[in-house]
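Next up, entry-v9.cif (mmCIF, C-alpha atoms and all ligand atoms):
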data_model
loop_
_atom_site.label_atom_id
_atom_site.label_comp_id
_atom_site.auth_asym_id
_atom_site.auth_seq_id
_atom_site.Cartn_x
_atom_site.Cartn_y
_atom_site.Cartn_z
CA MET A 1323 36.93 -112.25 -49.84
CA ALA A 1324 36.64 -114.39 -46.75
CA ASP A 1325 38.36 -117.45 -48.17
CA ASP A 1326 41.10 -115.30 -49.70
CA SER A 1327 41.94 -113.99 -46.27
CA ILE A 1328 42.57 -117.45 -44.82
CA ARG A 1329 44.72 -118.84 -47.62
CA LYS A 1330 48.37 -119.36 -46.82
CA MET A 1331 50.98 -116.78 -47.80
CA GLY A 1332 52.44 -117.34 -51.24
CA GLU A 1333 49.61 -119.60 -52.32
CA ALA A 1334 47.84 -118.55 -55.49
CA PRO A 1335 44.29 -117.18 -55.06
CA ARG A 1336 41.75 -119.96 -55.26
CA ARG A 1337 39.82 -120.12 -58.49
CA THR A 1338 36.42 -120.44 -56.92
CA LEU A 1339 33.54 -119.28 -59.06
CA ALA A 1340 32.30 -116.82 -56.46
CA THR A 1341 33.66 -116.19 -53.01
CA PRO A 1342 31.01 -116.61 -50.26
CA ALA A 1343 30.87 -112.89 -49.56
CA LEU A 1344 29.88 -112.34 -53.18
CA ALA A 1345 27.68 -115.39 -53.61
CA ASP A 1346 24.71 -114.18 -51.59
CA ARG A 1347 24.61 -110.80 -53.31
CA THR A 1348 21.54 -109.67 -55.20
CA ILE A 1349 21.75 -108.71 -58.83
CA LEU A 1350 18.95 -106.81 -60.51
CA LEU A 1351 18.56 -107.65 -64.19
CA VAL A 1352 16.75 -104.99 -66.21
CA ASP A 1353 15.76 -105.61 -69.80
CA ASP A 1354 12.57 -105.21 -71.81
CA ASP A 1355 13.34 -108.49 -73.55
CA PRO A 1356 12.81 -111.51 -71.24
CA ALA A 1357 15.03 -113.63 -73.48
CA ASN A 1358 18.00 -111.35 -72.70
CA ILE A 1359 17.36 -111.65 -68.98
CA GLN A 1360 17.15 -115.41 -69.28
CA HIS A 1361 20.41 -115.46 -71.20
CA VAL A 1362 22.28 -113.53 -68.47
CA ARG A 1363 20.73 -115.60 -65.68
CA GLU A 1364 21.90 -118.78 -67.33
CA GLY A 1365 25.36 -117.37 -67.91
CA LEU A 1366 25.74 -116.46 -64.24
CA ALA A 1367 23.79 -119.42 -62.83
CA SER A 1368 26.74 -121.29 -61.30
CA HIS A 1369 27.80 -118.42 -58.99
CA GLY A 1370 25.04 -118.57 -56.40
CA TYR A 1371 23.92 -114.98 -56.87
CA ARG A 1372 20.36 -114.00 -56.12
CA PHE A 1373 18.48 -112.44 -59.01
CA ARG A 1374 15.67 -109.96 -59.33
CA GLU A 1375 14.14 -108.96 -62.63
CA ALA A 1376 12.62 -105.77 -63.96
CA HIS A 1377 11.26 -105.28 -67.44
CA ASP A 1378 11.31 -101.51 -67.77
CA GLY A 1379 12.91 -98.49 -66.13
CA THR A 1380 10.00 -97.71 -63.79
CA GLU A 1381 9.85 -101.25 -62.52
CA ALA A 1382 13.62 -101.15 -62.08
CA LEU A 1383 13.43 -98.06 -59.84
CA ARG A 1384 10.68 -99.64 -57.74
CA SER A 1385 12.74 -102.78 -57.35
CA ILE A 1386 15.85 -100.79 -56.38
CA ARG A 1387 13.89 -99.05 -53.62
CA GLU A 1388 12.55 -102.38 -52.37
CA VAL A 1389 15.54 -104.69 -52.44
CA ARG A 1390 18.59 -102.41 -52.68
CA PRO A 1391 20.43 -104.73 -55.08
CA ASP A 1392 24.21 -105.03 -54.91
CA LEU A 1393 24.58 -104.74 -58.66
CA ILE A 1394 22.40 -103.75 -61.61
CA ILE A 1395 22.84 -105.11 -65.10
CA MET A 1396 20.64 -102.96 -67.30
CA ASP A 1397 19.68 -102.68 -70.93
CA VAL A 1398 20.09 -99.20 -72.43
CA GLU A 1399 17.32 -99.48 -75.00
CA MET A 1400 13.99 -99.79 -73.25
CA PRO A 1401 10.70 -98.06 -74.08
CA ARG A 1402 9.84 -94.87 -72.08
CA LEU A 1403 12.47 -94.82 -69.33
CA GLY A 1404 15.74 -96.03 -70.86
CA GLY A 1405 18.73 -97.52 -69.05
CA VAL A 1406 20.87 -94.37 -69.29
CA GLU A 1407 18.11 -92.28 -67.66
CA VAL A 1408 17.56 -94.87 -64.88
CA CYS A 1409 21.30 -94.91 -64.29
CA ARG A 1410 21.31 -91.12 -63.97
CA ILE A 1411 18.54 -91.30 -61.36
CA ILE A 1412 20.35 -94.03 -59.40
CA LYS A 1413 23.60 -92.07 -59.32
CA ALA A 1414 21.82 -88.82 -58.41
CA ASN A 1415 20.32 -90.59 -55.38
CA GLY A 1416 23.51 -92.32 -54.32
CA GLY A 1417 24.20 -90.47 -51.07
CA GLU A 1418 23.55 -91.43 -47.45
CA GLY A 1419 19.83 -91.90 -46.94
CA GLY A 1420 19.43 -92.55 -50.68
CA PHE A 1421 20.24 -95.76 -52.53
CA GLY A 1422 23.88 -95.68 -51.43
CA PHE A 1423 26.42 -96.97 -53.90
CA ILE A 1424 25.01 -99.52 -56.38
CA PRO A 1425 27.28 -100.42 -59.29
CA VAL A 1426 25.57 -100.39 -62.68
CA ILE A 1427 26.65 -102.32 -65.75
CA LEU A 1428 24.89 -100.96 -68.83
CA VAL A 1429 24.31 -103.30 -71.73
CA THR A 1430 23.61 -102.10 -75.26
CA ALA A 1431 23.54 -103.26 -78.83
CA ARG A 1432 24.83 -99.86 -79.89
CA GLN A 1433 28.46 -99.26 -80.67
CA ALA A 1434 31.08 -97.14 -78.92
CA ALA A 1435 29.25 -93.75 -78.96
CA GLY A 1436 26.72 -94.92 -76.35
CA LYS A 1437 29.49 -96.38 -74.25
CA VAL A 1438 31.10 -92.99 -73.59
CA GLU A 1439 27.72 -91.42 -72.85
CA GLY A 1440 26.84 -94.20 -70.41
CA LEU A 1441 30.14 -94.06 -68.57
CA GLU A 1442 29.96 -90.28 -68.36
CA LEU A 1443 26.53 -90.56 -66.78
CA GLY A 1444 27.99 -92.65 -64.03
CA ALA A 1445 27.60 -96.23 -65.25
CA ASP A 1446 30.36 -98.22 -63.66
CA ASP A 1447 30.86 -100.55 -66.56
CA TYR A 1448 29.56 -101.04 -70.05
CA LEU A 1449 29.06 -104.08 -72.27
CA VAL A 1450 28.15 -104.19 -75.94
CA LYS A 1451 25.90 -107.00 -77.16
CA PRO A 1452 26.61 -109.69 -78.07
CA PHE A 1453 29.00 -110.18 -75.19
CA ASP A 1454 31.07 -113.07 -74.00
CA MET A 1455 29.60 -114.71 -70.89
CA LEU A 1456 33.01 -115.20 -69.31
CA GLU A 1457 33.68 -111.51 -69.70
CA LEU A 1458 30.31 -110.63 -68.13
CA SER A 1459 31.03 -113.04 -65.30
CA ALA A 1460 34.44 -111.46 -64.63
CA ARG A 1461 33.04 -107.95 -64.73
CA VAL A 1462 30.18 -108.87 -62.39
CA LYS A 1463 32.64 -110.27 -59.91
CA SER A 1464 34.85 -107.20 -60.05
CA MET A 1465 31.84 -104.90 -59.60
CA LEU A 1466 30.59 -106.94 -56.64
CA ARG A 1467 34.04 -106.75 -55.02
CA LEU A 1468 33.85 -102.99 -55.42
CA LYS A 1469 30.41 -103.01 -53.81
CA VAL A 1470 31.57 -105.14 -50.86
CA LEU A 1471 34.52 -102.82 -50.26
CA GLN A 1472 32.33 -99.75 -50.55
CA ASP A 1473 29.79 -101.21 -48.09
CA ALA A 1474 32.59 -101.97 -45.63
CA LEU A 1475 33.88 -98.41 -46.00
CA VAL A 1476 30.44 -96.94 -45.37
CA GLU A 1477 30.01 -99.16 -42.30
CA LYS A 1478 33.46 -98.13 -40.98
CA ASN A 1479 32.53 -94.49 -41.48
CA ARG A 1480 29.30 -95.00 -39.57
CA GLU A 1481 31.23 -96.65 -36.73
CA LEU A 1482 33.65 -93.74 -36.70
CA ASP A 1483 30.77 -91.27 -36.62
CA ARG A 1484 29.20 -93.12 -33.71
CA ALA A 1485 32.53 -93.24 -31.84
CA ASN A 1486 33.05 -89.52 -32.46
CA LYS A 1487 29.60 -88.68 -31.14
CA GLU A 1488 30.20 -90.76 -28.03
CA LEU A 1489 33.52 -89.04 -27.50
CA ALA A 1490 31.97 -85.59 -27.88
CA GLN A 1491 29.32 -86.54 -25.34
CA LYS A 1492 31.93 -87.86 -22.91
CA ARG A 1493 33.85 -84.61 -23.28
CA GLU A 1494 30.70 -82.65 -22.51
CA GLU A 1495 30.10 -84.78 -19.44
CA LEU A 1496 33.68 -84.37 -18.25
CA LEU A 1497 33.55 -80.65 -18.86
CA ALA A 1498 30.34 -80.48 -16.82
CA LEU A 1499 32.06 -82.37 -14.01
CA THR A 1500 34.94 -79.88 -13.89
CA ARG A 1501 32.35 -77.22 -13.06
CA ILE A 1502 30.69 -79.06 -10.20
CA ASP A 1503 31.57 -79.22 -6.52
CA ALA A 1504 31.68 -82.89 -5.59
CA LEU A 1505 30.29 -82.58 -2.05
CA THR A 1506 27.29 -80.35 -2.64
CA GLY A 1507 26.57 -80.80 -6.35
CA LEU A 1508 26.54 -77.00 -6.69
CA TYR A 1509 28.83 -75.28 -9.20
CA ASN A 1510 32.37 -74.76 -7.97
CA ARG A 1511 34.12 -71.48 -7.32
CA ARG A 1512 36.20 -71.49 -10.50
CA TYR A 1513 33.17 -71.80 -12.76
CA PHE A 1514 31.24 -69.32 -10.65
CA GLU A 1515 33.95 -66.73 -11.18
CA GLU A 1516 33.79 -67.29 -14.94
CA ARG A 1517 30.05 -66.78 -14.96
CA LEU A 1518 30.23 -63.84 -12.57
CA THR A 1519 32.66 -62.03 -14.88
CA GLU A 1520 30.35 -62.58 -17.88
CA GLU A 1521 27.25 -61.49 -15.98
CA PHE A 1522 28.95 -58.43 -14.54
CA ILE A 1523 30.06 -57.27 -18.00
CA ARG A 1524 26.59 -57.90 -19.37
CA SER A 1525 24.93 -56.04 -16.51
CA THR A 1526 27.27 -53.05 -16.91
CA ARG A 1527 26.73 -52.88 -20.66
CA TYR A 1528 22.93 -53.08 -20.52
CA ARG A 1529 22.55 -51.37 -17.11
CA SER A 1530 20.52 -54.34 -15.96
CA PRO A 1531 20.36 -55.05 -12.23
CA LEU A 1532 22.48 -57.84 -10.77
CA SER A 1533 22.77 -59.00 -7.17
CA LEU A 1534 25.42 -61.06 -5.45
CA VAL A 1535 24.71 -63.05 -2.29
CA MET A 1536 27.30 -64.51 0.09
CA LEU A 1537 26.08 -67.02 2.62
CA ASP A 1538 28.04 -68.56 5.50
CA ILE A 1539 26.71 -71.22 7.86
CA ASP A 1540 26.71 -70.04 11.48
CA HIS A 1541 28.93 -71.75 14.04
CA PHE A 1542 29.63 -74.55 11.64
CA LYS A 1543 32.80 -75.43 13.49
CA LYS A 1544 30.74 -76.24 16.57
CA LEU A 1545 28.47 -78.46 14.50
CA ASN A 1546 31.48 -80.41 13.32
CA ASP A 1547 32.93 -80.56 16.79
CA ASN A 1548 29.70 -81.71 18.42
CA TYR A 1549 28.43 -84.20 15.83
CA GLY A 1550 31.41 -85.09 13.70
CA HIS A 1551 32.66 -84.09 10.29
CA PRO A 1552 30.43 -86.50 8.29
CA PHE A 1553 27.37 -84.94 9.89
CA GLY A 1554 28.78 -81.51 9.03
CA ASP A 1555 29.05 -82.66 5.43
CA GLU A 1556 25.44 -83.79 5.52
CA VAL A 1557 24.34 -80.39 6.83
CA LEU A 1558 26.34 -78.69 4.11
CA ARG A 1559 24.60 -80.77 1.46
CA THR A 1560 21.18 -80.05 2.95
CA VAL A 1561 21.84 -76.31 3.15
CA ALA A 1562 23.13 -76.31 -0.46
CA ARG A 1563 19.96 -78.07 -1.62
CA THR A 1564 17.82 -75.62 0.35
CA VAL A 1565 19.52 -72.55 -1.14
CA ARG A 1566 19.20 -73.99 -4.64
CA SER A 1567 15.51 -74.73 -4.18
CA LYS A 1568 14.64 -71.29 -2.82
CA LEU A 1569 16.17 -69.35 -5.70
CA ARG A 1570 15.06 -69.07 -9.31
CA GLU A 1571 16.17 -71.40 -12.08
CA VAL A 1572 18.23 -68.62 -13.68
CA ASP A 1573 20.05 -67.77 -10.44
CA PHE A 1574 23.52 -69.21 -10.35
CA VAL A 1575 24.50 -70.94 -7.11
CA ALA A 1576 27.98 -72.22 -6.21
CA ARG A 1577 30.03 -73.42 -3.28
CA TYR A 1578 32.47 -70.62 -2.67
CA GLY A 1579 34.57 -72.08 0.13
CA GLY A 1580 34.29 -74.52 3.04
CA GLU A 1581 30.81 -73.69 4.32
CA GLU A 1582 30.23 -70.64 2.17
CA ILE A 1583 27.74 -70.50 -0.64
CA ILE A 1584 27.58 -67.73 -3.22
CA ALA A 1585 24.71 -66.88 -5.53
CA LEU A 1586 24.37 -64.64 -8.53
CA LEU A 1587 20.92 -63.22 -9.18
CA PRO A 1588 20.64 -61.76 -12.69
CA GLU A 1589 17.99 -59.10 -13.42
CA THR A 1590 17.49 -58.71 -9.67
CA GLY A 1591 17.71 -55.37 -7.81
CA PRO A 1592 18.35 -54.83 -4.07
CA LYS A 1593 14.72 -55.10 -2.97
CA GLU A 1594 13.99 -58.39 -4.69
CA ALA A 1595 17.39 -59.73 -3.66
CA LEU A 1596 16.66 -58.98 -0.03
CA GLY A 1597 13.36 -60.82 -0.32
CA ALA A 1598 15.06 -63.85 -1.88
CA CYS A 1599 17.73 -63.86 0.87
CA GLU A 1600 15.09 -63.74 3.59
CA ARG A 1601 13.37 -66.74 2.01
CA VAL A 1602 16.65 -68.63 1.96
CA ARG A 1603 17.59 -67.65 5.52
CA GLU A 1604 14.21 -68.67 6.86
CA ALA A 1605 14.24 -72.02 5.05
CA ILE A 1606 17.67 -72.86 6.51
CA ALA A 1607 16.63 -71.81 10.03
CA SER A 1608 13.56 -74.07 9.72
CA LEU A 1609 15.52 -77.18 8.73
CA GLN A 1610 14.89 -80.09 11.05
CA LEU A 1611 18.20 -81.91 11.04
CA GLU A 1612 18.59 -85.19 12.83
CA HIS A 1613 21.82 -86.59 14.13
CA ARG A 1614 22.07 -90.32 14.83
CA ALA A 1615 24.84 -91.28 17.20
CA GLN A 1616 26.59 -94.64 16.97
CA ASP A 1617 24.58 -95.95 19.92
CA GLY A 1618 21.42 -95.18 17.95
CA THR A 1619 20.29 -92.15 19.91
CA ARG A 1620 18.75 -89.47 17.77
CA GLN A 1621 19.00 -85.79 18.31
CA GLN A 1622 17.28 -82.84 16.66
CA VAL A 1623 19.80 -80.32 15.42
CA ARG A 1624 19.12 -76.81 14.13
CA CYS A 1625 21.33 -74.62 12.06
CA SER A 1626 21.31 -71.13 10.60
CA ALA A 1627 23.19 -69.00 8.13
CA SER A 1628 24.14 -65.37 7.71
CA LEU A 1629 23.85 -63.61 4.37
CA GLY A 1630 25.35 -60.52 2.78
CA VAL A 1631 23.95 -58.98 -0.43
CA ALA A 1632 25.35 -56.41 -2.82
CA SER A 1633 23.67 -55.13 -5.96
CA VAL A 1634 24.53 -53.15 -9.07
CA PRO A 1635 24.01 -50.67 -10.58
CA ALA A 1636 25.33 -48.68 -7.62
CA LYS A 1637 27.43 -45.53 -7.60
CA SER A 1638 29.98 -47.04 -5.25
CA ILE A 1639 30.41 -50.30 -7.22
CA LEU A 1640 32.14 -49.91 -10.56
CA ALA A 1641 34.29 -53.04 -10.60
CA LEU A 1642 33.59 -56.69 -10.03
CA GLU A 1643 36.03 -56.82 -7.09
CA GLU A 1644 33.97 -54.09 -5.41
CA LEU A 1645 30.79 -56.11 -5.79
CA LEU A 1646 32.45 -59.10 -4.12
CA ARG A 1647 33.97 -56.94 -1.40
CA VAL A 1648 30.70 -55.21 -0.54
CA ALA A 1649 28.85 -58.55 -0.32
CA ASP A 1650 31.61 -59.87 1.97
CA VAL A 1651 31.45 -56.78 4.20
CA CYS A 1652 27.66 -57.21 4.44
CA LEU A 1653 28.09 -60.85 5.42
CA TYR A 1654 30.57 -59.79 8.10
CA GLU A 1655 28.00 -57.28 9.38
CA ALA A 1656 25.36 -59.99 9.51
CA LYS A 1657 27.68 -62.12 11.64
CA GLY A 1658 28.34 -59.11 13.86
CA ALA A 1659 24.63 -58.45 14.20
CA GLY A 1660 24.15 -61.84 15.85
CA ARG A 1661 23.98 -64.22 12.83
CA ASN A 1662 20.86 -65.83 11.26
CA CYS A 1663 20.15 -62.58 9.43
CA VAL A 1664 20.61 -60.75 6.12
CA ARG A 1665 22.54 -57.49 5.60
CA GLN A 1666 22.87 -55.35 2.50
P1 LIG B 1701 30.78 -68.39 11.94
O1 LIG B 1701 29.38 -68.38 12.42
O2 LIG B 1701 31.57 -67.23 12.37
O3 LIG B 1701 30.84 -68.58 10.47
O4 LIG B 1701 31.45 -69.66 12.62
P2 LIG B 1701 32.02 -70.90 11.91
O5 LIG B 1701 32.35 -71.91 12.93
O6 LIG B 1701 31.08 -71.38 10.85
O7 LIG B 1701 33.27 -70.33 11.13
P3 LIG B 1701 34.69 -70.83 10.83
O8 LIG B 1701 35.10 -70.22 9.51
O9 LIG B 1701 35.57 -70.58 11.99
O10 LIG B 1701 34.56 -72.38 10.61
C1 LIG B 1701 34.17 -72.96 9.44
C2 LIG B 1701 34.30 -74.44 9.62
O11 LIG B 1701 33.80 -75.13 8.53
C3 LIG B 1701 35.71 -74.88 9.82
C4 LIG B 1701 35.87 -76.05 8.88
O12 LIG B 1701 36.42 -77.18 9.51
C5 LIG B 1701 34.48 -76.34 8.47
N1 LIG B 1701 34.42 -76.86 7.12
C6 LIG B 1701 34.90 -76.31 6.01
N2 LIG B 1701 34.65 -77.09 4.95
C7 LIG B 1701 33.99 -78.18 5.41
C8 LIG B 1701 33.47 -79.35 4.81
O13 LIG B 1701 33.56 -79.56 3.60
N3 LIG B 1701 32.84 -80.25 5.59
C9 LIG B 1701 32.73 -80.06 6.94
N4 LIG B 1701 32.10 -80.98 7.64
N5 LIG B 1701 33.23 -78.97 7.51
C10 LIG B 1701 33.85 -78.04 6.78
MG MG B 1702 16.01 -103.36 -75.04
MG MG B 1703 33.95 -67.74 9.44
MG MG B 1704 30.59 -70.19 9.26
MG MG B 1705 33.22 -69.57 6.80
#
What does this structure look like when you write it as structure tokens?
Amino acid sequence: MADDSIRKMGEAPRRTLATPALADRTILLVDDDPANIQHVREGLASHGYRFREAHDGTEALRSIREVRPDLIIMDVEMPRLGGVEVCRIIKANGGEGGFGFIPVILVTARQAAGKVEGLELGADDYLVKPFDMLELSARVKSMLRLKVLQDALVEKNRELDRANKELAQKREELLALTRIDALTGLYNRRYFEERLTEEFIRSTRYRSPLSLVMLDIDHFKKLNDNYGHPFGDEVLRTVARTVRSKLREVDFVARYGGEEIIALLPETGPKEALGACERVREAIASLQLEHRAQDGTRQQVRCSASLGVASVPAKSILALEELLRVADVCLYEAKGAGRNCVRQ
């Protein structure tokens, strides 16, 4: 194969005995008569093939498992496990994870009847003894070419499979990124709204409790004004992390707007939701933030947040928009009540 590919256009194929790609291939010779094996070995000796021998069907199968030959030349008439039966086993185990494709040339002293049977059972070629060595040699070469091509095809398919898997993984990763808010690492509003819709439908259908929390950092504008926007970003990240850590794994937390965080608490009624919000509020109010000015001076900074909670089932909340509106009104009330507090 390799030396064919480098010959000049229009030049006849070189009449080498075996191309290098074929030369180092392993041929398994199976015959109960050692003289027959010897005869074939001698006939093919000049090609550089590697040979393995087996003297009955069982030994042949063991050898196939061990060395995975590239070609099998096998006698049909052998005691116990005959060549046709071995061939059937090889072809039945030809798939991925099995033997793969191994061409089989069956050899028999019988006449044409056995030939049809052998080919129907999946032998790739068939020779009737006594055969011409040049013919055997040509058939071996053609079978090995087939094997090389088949191996290349299998390898290409594997590569394609690998590439496809990588692509699928990349797509997953990209999809995940489209759901994430870059600054805080929380989910973004778009994905939150998707999930909220699903959860609201689920909660309505099964009458399971569901709570919605809206959180807004207090006087955040002042924080930005006093310490700079980058510090504001840092506070936002810290608050996001704090909210996430104070809620349960199954609670869904997202950045809803500039300095607003929203959380969905499945299977959570008003009482538990209030408790969770208090935990969150307290954790934020206890944060010990530190601002470092350009001249190196450090300053302790505190922050707080206001929270509004709404829960279903509730007589007054029949639509998703209502749930959002009530939570927003509650947040507004918390701001009005002096901030750093929870309203529901
Ligand atoms: P209140 O207690 O009433 O909520 O006061 P506030 O100052 O937090 O409210 P307001 O909505 O007036 O200001 C929100 C500020 O948040 C204004 C905006 O510049 C700032 N902000 C929004 N998004 C970001 C951000 O991503 N990073 C930073 N550093 N600031 C942001
Ligand atoms: Mg025999
Ligand atoms: Mg505001
Ligand atoms: Mg605010
Ligand atoms: Mg705001």
Top pick for closest residue to ligand MG 1702 (chain B), considering A:Met1455, A:Ala1431, A:Leu1344, A:Ala1414 and counting all atoms listed in the file
A:Ala1431
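Residues surrounding A:Val1398 within 9 Å are Asp1353, Gly1404, Gly1405, Val1406, Glu1407, Leu1428, Val1429, Thr1430, Ala1431, Arg1432, Gly1436 and Gly1440 of chain A [only C-alpha atoms; sequence separation below 4 positions excluded].
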Give the residues close to ligand MG 1703 (chain B), within 12 Å, counting only C-alpha atoms and all ligand atoms; write them as a list in words.
Met1536, Leu1537, Asp1538, Ile1539, Asp1540, His1541, Phe1542, Lys1543, Lys1544, Gly1579, Gly1580, Glu1581, Glu1582, Ala1627, Ser1628, Asp1650, Leu1653, Tyr1654, Ala1656, Lys1657, Gly1658 and Arg1661 of chain A
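If only C-alpha atoms are the atoms counted, then among A:Glu1439, A:Asp1397, A:Asp1392, A:Asp1447 the closest residue to A:Asp1473 is A:Asp1392.
Between atom CA of A:Lys1568 and atom CA of A:Gln1622 there is a distance of 22.8 Å.
Comparing A:Pro1552, A:Pro1635, A:Gly1507, A:Gly1365 by their smallest distance to A:Pro1531, the closest is A:Pro1635 (using all atoms listed in the file).
Minimum atom-to-atom distances from A:Arg1647, A:Ala1585, A:Phe1553, A:Glu1612 to ligand LIG 1701 (chain B) were compared using only C-alpha atoms and all ligand atoms, and the lowest value belongs to A:Phe1553.
Nearest residue to A:Asp1454, choosing from A:Arg1372, A:His1361, A:Arg1467, A:Lys1437 and counting only C-alpha atoms: A:His1361.
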Excluding stretch 1508-1513 of chain A and any residue of its chain fewer than 6 positions from it, enumerate the residues within 8 Å of it, using only C-alpha atoms, and give them as a list in words.
Arg1501, Ile1502, Ala1562, Val1575, Ala1576, Arg1577, Tyr1578 and Gly1579 of chain A
Of the candidates A:Met1465, A:Ile1639, A:Leu1499, A:Ile1583, which shows the shortest atom-to-atom distance to ligand MG 1705 (chain B), using only C-alpha atoms and all ligand atoms?
A:Ile1583
Please list as a VMD selection string every residue within 12 Å of A:Gly1550, counting all atoms listed in the file and excluding residues in the same chain fewer than 5 positions away.
chain A and resid 1542 to 1545 1555 to 1557 1613 to 1616
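Using only C-alpha atoms, the protein and nucleic acid residues lying at most 12 Å from the point (32.3, -53.2, 1.5) are Gly1630, Val1631, Ala1632, Ser1633, Ser1638, Ile1639, Glu1643, Glu1644, Leu1645, Leu1646, Arg1647, Val1648, Ala1649, Asp1650, Val1651, Cys1652, Leu1653, Tyr1654, Glu1655, Arg1665 and Gln1666 of chain A.
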Would you mind reading off the distance between atom CA of A:Glu1495 and atom CA of A:Leu1534, one decimal, in Å?
27.9 Å
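Going from atom CA of A:Met1400 to atom CA of A:Ile1424 covers 20.2 Å.
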Could you name the residues that touch A:Val1408 at 10 Å or less, counting all atoms listed in the file, but leaving out those on the same chain fewer than 6 positions away, as an mmCIF file with C-alpha atoms, keeping the file's coordinate frame?
data_model
loop_
_atom_site.group_PDB
_atom_site.id
_atom_site.type_symbol
_atom_site.label_atom_id
_atom_site.label_comp_id
_atom_site.auth_asym_id
_atom_site.auth_seq_id
_atom_site.Cartn_x
_atom_site.Cartn_y
_atom_site.Cartn_z
ATOM 1 C CA ASP A 1378 11.310 -101.510 -67.770
ATOM 2 C CA GLY A 1379 12.910 -98.490 -66.130
ATOM 3 C CA THR A 1380 10.000 -97.710 -63.790
ATOM 4 C CA ALA A 1382 13.620 -101.150 -62.080
ATOM 5 C CA LEU A 1383 13.430 -98.060 -59.840
ATOM 6 C CA MET A 1396 20.640 -102.960 -67.300
ATOM 7 C CA VAL A 1398 20.090 -99.200 -72.430
ATOM 8 C CA ALA A 1414 21.820 -88.820 -58.410
ATOM 9 C CA VAL A 1426 25.570 -100.390 -62.680
#
Would you mind putting N, CA and C atoms back on stretch 1645-1659 of chain A and writing the result as a short mmCIF file (atom, residue, chain, number, x, y, z; two decimals), in the frame of the given file?
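Okay, this is what ended up in rebuild.cif:
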data_model
loop_
_atom_site.label_atom_id
_atom_site.label_comp_id
_atom_site.auth_asym_id
_atom_site.auth_seq_id
_atom_site.Cartn_x
_atom_site.Cartn_y
_atom_site.Cartn_z
N LEU A 1645 32.05 -55.40 -6.04
CA LEU A 1645 30.79 -56.11 -5.79
C LEU A 1645 31.03 -57.24 -4.79
N LEU A 1646 32.11 -58.00 -5.03
CA LEU A 1646 32.45 -59.10 -4.12
C LEU A 1646 32.79 -58.57 -2.73
N ARG A 1647 33.54 -57.48 -2.68
CA ARG A 1647 33.97 -56.94 -1.40
C ARG A 1647 32.77 -56.45 -0.58
N VAL A 1648 31.86 -55.74 -1.25
CA VAL A 1648 30.70 -55.21 -0.54
C VAL A 1648 29.83 -56.35 0.01
N ALA A 1649 29.64 -57.40 -0.79
CA ALA A 1649 28.85 -58.55 -0.32
C ALA A 1649 29.52 -59.19 0.89
N ASP A 1650 30.85 -59.28 0.86
CA ASP A 1650 31.61 -59.87 1.97
C ASP A 1650 31.50 -59.01 3.24
N VAL A 1651 31.60 -57.70 3.06
CA VAL A 1651 31.45 -56.78 4.20
C VAL A 1651 30.06 -56.95 4.81
N CYS A 1652 29.05 -57.05 3.96
CA CYS A 1652 27.66 -57.21 4.44
C CYS A 1652 27.51 -58.52 5.22
N LEU A 1653 28.14 -59.58 4.72
CA LEU A 1653 28.09 -60.85 5.42
C LEU A 1653 28.74 -60.72 6.81
N TYR A 1654 29.86 -60.02 6.84
CA TYR A 1654 30.57 -59.79 8.10
C TYR A 1654 29.67 -59.03 9.07
N GLU A 1655 28.94 -58.05 8.54
CA GLU A 1655 28.00 -57.28 9.38
C GLU A 1655 26.88 -58.17 9.91
N ALA A 1656 26.42 -59.07 9.07
CA ALA A 1656 25.36 -59.99 9.51
C ALA A 1656 25.85 -60.88 10.65
N LYS A 1657 27.10 -61.33 10.55
CA LYS A 1657 27.68 -62.12 11.64
C LYS A 1657 27.74 -61.26 12.91
N GLY A 1658 28.20 -60.02 12.72
CA GLY A 1658 28.34 -59.11 13.86
C GLY A 1658 27.00 -58.79 14.51
N ALA A 1659 25.96 -58.79 13.70
CA ALA A 1659 24.63 -58.45 14.20
C ALA A 1659 23.97 -59.63 14.91
#
